[in-house]
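Text of input06.cif (mmCIF, C-alpha atoms) as supplied:
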data_run
loop_
_atom_site.label_atom_id
_atom_site.label_comp_id
_atom_site.auth_asym_id
_atom_site.auth_seq_id
_atom_site.Cartn_x
_atom_site.Cartn_y
_atom_site.Cartn_z
CA VAL A 1 0.00 0.00 0.00
CA GLY A 2 1.37 3.39 -0.96
CA SER A 3 4.30 1.87 -2.91
CA HIS A 4 3.50 3.28 -6.32
CA HIS A 5 7.09 2.89 -7.44
CA GLN A 6 6.85 -0.93 -7.32
CA ASN A 7 4.47 -1.41 -10.25
CA SER A 8 5.31 1.22 -12.80
CA ILE A 9 3.56 -0.59 -15.70
CA ALA A 10 0.19 -0.66 -13.93
CA GLU A 11 0.60 2.91 -12.67
CA LYS A 12 1.43 4.11 -16.19
CA ARG A 13 -1.68 2.41 -17.61
CA ILE A 14 -3.88 3.93 -14.89
CA ARG A 15 -2.43 7.37 -15.59
CA ASP A 16 -2.95 6.95 -19.37
CA LEU A 17 -6.57 5.84 -18.88
CA THR A 18 -7.26 8.69 -16.48
CA GLU A 19 -5.77 11.31 -18.81
CA TYR A 20 -7.70 9.94 -21.80
CA ALA A 21 -10.96 9.83 -19.81
CA ARG A 22 -10.34 13.39 -18.63
CA THR A 23 -9.84 14.50 -22.24
CA LEU A 24 -13.12 12.84 -23.29
CA LEU A 25 -15.05 14.42 -20.44
CA VAL A 26 -13.60 17.94 -20.64
CA SER A 27 -14.00 18.09 -24.42
CA ALA A 28 -17.66 17.04 -24.29
CA ASN A 29 -18.31 19.32 -21.32
CA GLN A 30 -17.02 22.33 -23.26
CA THR A 31 -19.21 21.39 -26.22
CA TRP A 32 -22.40 20.61 -24.28
CA LEU A 33 -22.16 22.24 -20.86
CA GLU A 34 -25.86 21.81 -20.03
CA ALA A 35 -25.83 17.99 -20.26
CA VAL A 36 -22.28 16.72 -19.76
CA LYS A 37 -21.36 17.01 -16.10
CA LEU A 38 -18.24 15.90 -14.25
CA ALA A 39 -20.34 13.29 -12.42
CA LEU A 40 -20.23 11.24 -15.66
CA TRP A 41 -16.52 10.47 -15.15
CA PRO A 42 -17.10 6.70 -14.59
CA PHE A 43 -18.51 6.43 -18.12
CA ALA A 44 -15.46 8.26 -19.48
CA MET A 45 -13.17 5.79 -17.67
CA LYS A 46 -15.07 2.78 -19.06
CA GLU A 47 -14.91 4.20 -22.59
CA ALA A 48 -11.19 4.93 -22.25
CA GLU A 49 -10.65 1.34 -21.09
CA ARG A 50 -12.66 -0.02 -24.05
CA ILE A 51 -10.74 2.11 -26.54
CA PHE A 52 -7.37 1.10 -25.08
CA ASN A 53 -8.30 -2.61 -25.12
CA GLU A 54 -10.24 -2.90 -28.38
CA LEU A 55 -9.02 -0.16 -30.70
CA ARG A 56 -5.36 0.62 -29.93
CA ILE A 57 -3.04 -1.37 -32.16
CA ASP A 58 0.53 -2.14 -31.07
CA ASP A 59 3.66 -2.69 -33.19
CA SER A 60 2.61 -6.27 -33.98
CA GLY A 61 -0.70 -5.06 -35.44
CA LEU A 62 -2.82 -6.46 -32.61
CA THR A 63 -5.02 -4.94 -29.94
CA PRO A 64 -4.64 -6.05 -26.30
CA VAL A 65 -7.87 -8.07 -26.56
CA GLU A 66 -6.60 -9.84 -29.71
CA ARG A 67 -3.29 -10.65 -28.01
CA PHE A 68 -5.11 -12.05 -24.98
CA ALA A 69 -7.64 -14.08 -27.00
CA ARG A 70 -5.04 -15.09 -29.62
CA CYS A 71 -7.44 -14.40 -32.48
CA ARG A 72 -8.21 -11.51 -34.80
CA SER A 73 -11.39 -9.48 -34.52
CA LYS A 74 -13.08 -6.95 -36.77
CA VAL A 75 -14.18 -3.53 -35.62
CA ASN A 76 -17.54 -2.31 -36.90
CA LEU A 77 -16.93 1.44 -37.34
CA LYS A 78 -20.67 2.07 -37.78
CA LEU A 79 -21.05 1.32 -34.06
CA GLU A 80 -18.38 3.84 -33.01
CA HIS A 81 -19.68 7.20 -31.79
CA PRO A 82 -18.15 10.00 -29.73
CA LEU A 83 -18.79 9.61 -26.04
CA PHE A 84 -21.35 12.08 -24.63
CA CYS A 85 -22.72 13.00 -28.08
CA PRO A 86 -26.43 13.82 -28.40
CA VAL A 87 -28.53 10.78 -29.17
CA TYR A 88 -32.21 10.54 -30.02
CA ALA A 89 -34.06 7.47 -28.78
CA LEU A 90 -37.30 6.31 -30.32
CA ASP A 91 -40.16 6.86 -27.87
CA ALA A 92 -40.71 3.71 -25.80
CA SER A 93 -44.37 3.52 -26.73
CA LEU A 94 -43.40 3.22 -30.43
CA GLN A 95 -40.93 0.37 -29.93
CA GLY A 96 -43.63 -2.30 -29.67
CA PRO A 97 -45.52 -3.83 -32.62
CA GLY A 98 -48.50 -1.78 -33.81
CA ALA A 99 -47.82 1.07 -31.37
CA LYS A 100 -48.83 4.62 -32.29
CA LEU A 101 -48.56 8.14 -30.95
CA PRO A 102 -50.79 11.10 -31.72
CA ARG A 103 -49.76 12.63 -35.06
CA TRP A 104 -48.12 15.80 -33.70
CA SER A 105 -46.37 14.27 -30.69
CA PRO A 106 -42.57 13.97 -30.77
CA ARG A 107 -41.44 10.48 -31.72
CA SER A 108 -38.05 10.62 -30.02
CA ARG A 109 -36.44 12.02 -26.92
CA ALA A 110 -32.99 13.50 -26.56
CA GLY A 111 -30.32 11.91 -24.45
CA VAL A 112 -26.58 11.65 -23.95
CA TYR A 113 -24.60 8.69 -25.32
CA LEU A 114 -22.64 7.05 -22.48
CA GLY A 115 -21.03 4.17 -24.36
CA ARG A 116 -22.06 0.64 -25.19
CA SER A 117 -23.88 -1.67 -22.84
CA LYS A 118 -21.66 -4.57 -21.83
CA PHE A 119 -24.70 -6.73 -20.98
CA HIS A 120 -26.42 -6.49 -24.38
CA ALA A 121 -25.63 -6.75 -28.10
CA SER A 122 -22.85 -4.53 -29.42
CA ASP A 123 -25.32 -2.10 -31.00
CA VAL A 124 -27.14 -1.38 -27.73
CA ALA A 125 -26.08 1.93 -26.20
CA LEU A 126 -26.35 3.35 -22.71
CA VAL A 127 -28.32 6.60 -22.85
CA LEU A 128 -28.73 9.25 -20.18
CA ASN A 129 -32.30 10.57 -20.22
CA LEU A 130 -32.04 14.36 -19.96
CA GLU A 131 -35.47 14.68 -18.32
CA THR A 132 -35.23 11.97 -15.65
CA GLY A 133 -31.46 11.56 -15.20
CA ASN A 134 -31.80 7.78 -15.61
CA VAL A 135 -29.33 5.72 -17.61
CA SER A 136 -30.84 2.87 -19.63
CA PRO A 137 -29.88 0.61 -22.53
CA GLN A 138 -31.47 1.74 -25.81
CA TYR A 139 -31.62 0.24 -29.28
CA HIS A 140 -33.52 2.46 -31.75
CA LEU A 141 -31.18 5.47 -31.85
CA THR A 142 -30.04 8.35 -34.01
CA PHE A 143 -26.61 9.72 -33.10
CA ASP A 144 -25.43 13.28 -33.65
CA ASP A 145 -21.71 12.52 -33.92
CA LYS A 146 -20.83 16.14 -34.71
CA PHE A 147 -22.79 17.66 -31.77
CA SER A 148 -24.56 19.85 -34.37
CA THR A 149 -27.96 19.70 -32.64
CA VAL A 150 -26.70 20.94 -29.25
CA PRO A 151 -27.61 24.64 -29.81
CA TYR A 152 -31.11 23.59 -30.87
CA LEU A 153 -31.51 21.28 -27.88
CA CYS A 154 -30.65 24.12 -25.51
CA GLN A 155 -33.31 26.30 -27.16
CA ARG A 156 -35.79 23.38 -27.38
CA GLU A 157 -36.07 23.77 -31.17
CA ILE A 158 -36.06 21.23 -33.97
CA PRO A 159 -32.87 21.58 -36.05
CA PRO A 160 -33.53 22.61 -39.68
CA PHE A 161 -31.35 19.68 -40.86
CA TRP A 162 -33.18 17.04 -38.80
CA HIS A 163 -34.27 15.01 -41.85
CA GLU A 164 -30.69 14.80 -43.17
CA LEU A 165 -29.43 13.65 -39.76
CA VAL A 166 -32.01 10.89 -39.56
CA ALA A 167 -31.34 9.86 -43.17
CA LEU A 168 -27.63 9.40 -42.40
CA GLN A 169 -28.47 6.80 -39.72
CA SER A 170 -30.31 4.52 -42.15
#

Any chance you could give the structure as structure tokens?
Amino acid sequence: VGSHHQNSIAEKRIRDLTEYARTLLVSANQTWLEAVKLALWPFAMKEAERIFNELRIDDSGLTPVERFARCRSKVNLKLEHPLFCPVYALDASLQGPGAKLPRWSPRSRAGVYLGRSKFHASDVALVLNLETGNVSPQYHLTFDDKFSTVPYLCQREIPPFWHELVALQS
């Protein structure tokens, strides 16, 4: 205990993960101050860990997970999104078969992307509900990878390019 000098490899990895997580969190906080709070740091740490293990390639051309498992894996770049980006989840009442909403009601709700769920399929994301503060796994999503809808979210307006954003997700 307290002998940090005895395991420099582990200490270096912890420092690297912490610095990367801090970069993710501070960058998103500066872009979307109203939604991204410092209390979301555990999600930044988990994402930094996932990126270090699954996406960083060493000199041999392998990721740490590939070295450990001794087999190659493919990365689906369509599933990669910036942490803490705005995400629009299909309203829960529309996710069932034959479900309907009144014609002029919104069909999605805004949230914050907090990474992938480790208990579900790889395309299931964890989403922070901006109204309730709850984090839940969601499937039917539209991601705003460029944070372009943030000014409109703050003003509670529909972005003029909404149809193009939704079309890109198809």

Review point. For this file, the PyMOL selection byres ((chain A and resi 25-30) around 12) selects which residues, as a PyMOL selection string?
Key: chain A and resi 18-24+31-48+82-86+112-114+145-147+150

**Study point:** Top pick for closest residue to Leu90 of chain A, considering A:Leu55, A:Val166, A:Ile158, A:Leu141 and counting all atoms listed in the file
**Key:**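 Ranking A:Leu55, A:Val166, A:Ile158, A:Leu141 by distance to Leu90 of chain A, first place goes to A:Leu141.
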
Revision key, fill the gap. Here atom CA of Leu165 of chain A and atom CA of Thr142 of chain A stand apart by 7.8 Å

**Study point:** Distance in Å - atom CA of Asn129 of chain A versus atom CA of Arg109 of chain A
**Key:** 8.0 Å

Exercise for review: Might you spell out which residues the PyMOL selection byres ((chain A and resi 89) around 9) would select in the displayed file, as an MDAnalysis selection string?
Suggested key: chainID A and resid 87:88 90:92 107:111 127 138:143

Check your understanding: In Å to one decimal, how far is atom CA of Phe52 of chain A from atom CA of Arg13 of chain A?
Key -> 9.5 Å

Check your understanding: Looking at A:Glu54, A:Glu164, A:Asp16, A:Asp144, which one is nearest to Ser73 of chain A, with distances taken over all atoms listed in the file?
Key -> A:Glu54

Exercise for review: Could you tell me which of A:Asp59, A:Asp123, A:Glu131, A:Glu66 comes closest to Glu80 of chain A if we count only C-alpha atoms?
Suggested key: A:Asp123
